[in-house]
Amino acid sequence: MNDPTTIRRLYGRRQGHKLRAGQAALVEELLPEVAVPESGPLDARTLFGDDRPLEFEIGFGAGEHLAAQAEANPGRGFIGCEPFLNGVVGALGHLRDRNLGNVRLHMGDALTVLERLPDASLDRVYLLHPDPWPKARHAKRRMVNPGPLDLIAAKLKTGGEFRLGTDDPTYCRWAMMVMNGRRDFVWQARTPADFLTRPADWPETRYERKARRQGHEVWYFRYLRA
Ligand SMILES: C[S@@+](CC[C@H](N)C(=O)[O-])C[C@H]1O[C@@H](n2cnc3c(N)ncnc32)[C@H](O)[C@@H]1O
């Protein structure tokens with residue numbers, strides 16, 4: 001992905017507070033069982049043993065949306081990527097508590113996993129409350145940029161869905177500007193209510209809840225791959 005308008009590097013914290021013994025055990029025991037393999041081809045069959053539809057979440061935070069989608073859609077396979085160790089631990093806890101067998105996790109950059117998937121292999125991609133990088137000089141770090149979007153477009157099936165949520169006004173405007181310039185994604189909103197109201201099948205994320213508590217507005221964008 002040689003895109004001069006997008007900086008391809010991982011920013012942000014990889015670890016926060018020290019793990020408790022139970023959390024460390026989850027990382028040692030459960031993570032290897034559900035981890036996306038480090039190398040080799042990746043598709044539904046290699047990950048889940050059959051040809052089920054695949055969905056992909058970029059930066060799942062503590063995994064509440066990923067787990068809720070996986071629980072609601074047991075016939076689908078979910079791939080979640082998150083570099084923050086404490087978030088991965090949160091997701092592992094959900095997988096264990098809800099006994100979810102249809103999720104695979106990668107602790108690291110989502111784009112390196114996306115690149116390994118076959119083109120037109122995903123039914124959905126979720127990007128929920130991406131790091132906003134509000135300063136103009138950091139705009140190239142935003143996930144909504146030509147490089148990552150080209151990759152997402154390549155990996156979605158025709159008619160597949162890209163969901164983007166944000167509570168950041170700068171990111172909202174930026175995303176509308178960037179996405180409106182693309183011919184490969186068709187915005188699904190007909191009225192403002194369509195992007196101001198959370199769809200019923202869009203479980204709330206931790207950042208979204210925090211934003212609402214602070215009185216922020218939240219925007220829900222749904223695009224279909226043309
Ligand atoms: C603001 S948080 C939102 C977390 C979660 N989606 C939510 O709504 O609660 C953004 C997340 O994106 C993750 N992130 C940043 N760059 C990433 C990348 N290249 N691949 C995967 N995750 C990334 C961060 O570690 C962070 O957890």
# chains A, B, ... in the order shown; residues from 1 in each chain; ligands from 1

$ residues_near_ligand --ligand "ligand 1" --cutoff "9 Å" --atoms "only C-alpha atoms and all ligand atoms" --output "PyMOL selection string"
chain A and resi 8-14+57-65+80-85+87+106-112+126-132+141-143+165-166+204-210

$ residues_around --residues "Ala35 in chain A" --least-positions-apart "4" --cutoff "12 Å" --atoms "only C-alpha atoms" --output "JSON, numbers by chain"
{"A": [27, 28, 29, 30, 31, 39, 42, 47, 48, 78, 79, 80, 81, 82, 88, 91, 92, 101, 102, 103, 104, 105, 106, 107, 108, 113]}

$ select_by_dssp --residues "range 129-216 of chain A" --states "alpha helix (DSSP H)" --output "PyMOL selection string"
chain A and resi 146-155+169-180+192-196+206-213

$ atom_distance --atom1 "CA of Ser121 in chain A" --atom2 "CA of Ala153 in chain A"
10.5 Å

$ closest_residue --among "A:Pro37, A:Gly49, A:Gly181, A:Gly77" --to "Arg116 in chain A" --atoms "only C-alpha atoms"
A:Pro37

$ atom_distance --atom1 "CA of Ala175 in chain A" --atom2 "CA of His216 in chain A"
17.3 Å

$ select_by_dssp --residues "range 82-200 of chain A" --states "strand (DSSP E)" --output "count of residues only"
25

$ residues_around --residues "Met179 in chain A" --least-positions-apart "4" --cutoff "9 Å" --atoms "only C-alpha atoms" --output "ChimeraX atom specification"
/A:144-145,149,174-175,183,185-187,223

$ residues_around --residues "Leu151 in chain A" --least-positions-apart "4" --cutoff "10 Å" --atoms "only C-alpha atoms" --output "list in words"
Met1, Leu111, Leu114, Glu115, Asp119, Pro146, Gly147, Lys155 and Leu156 of chain A
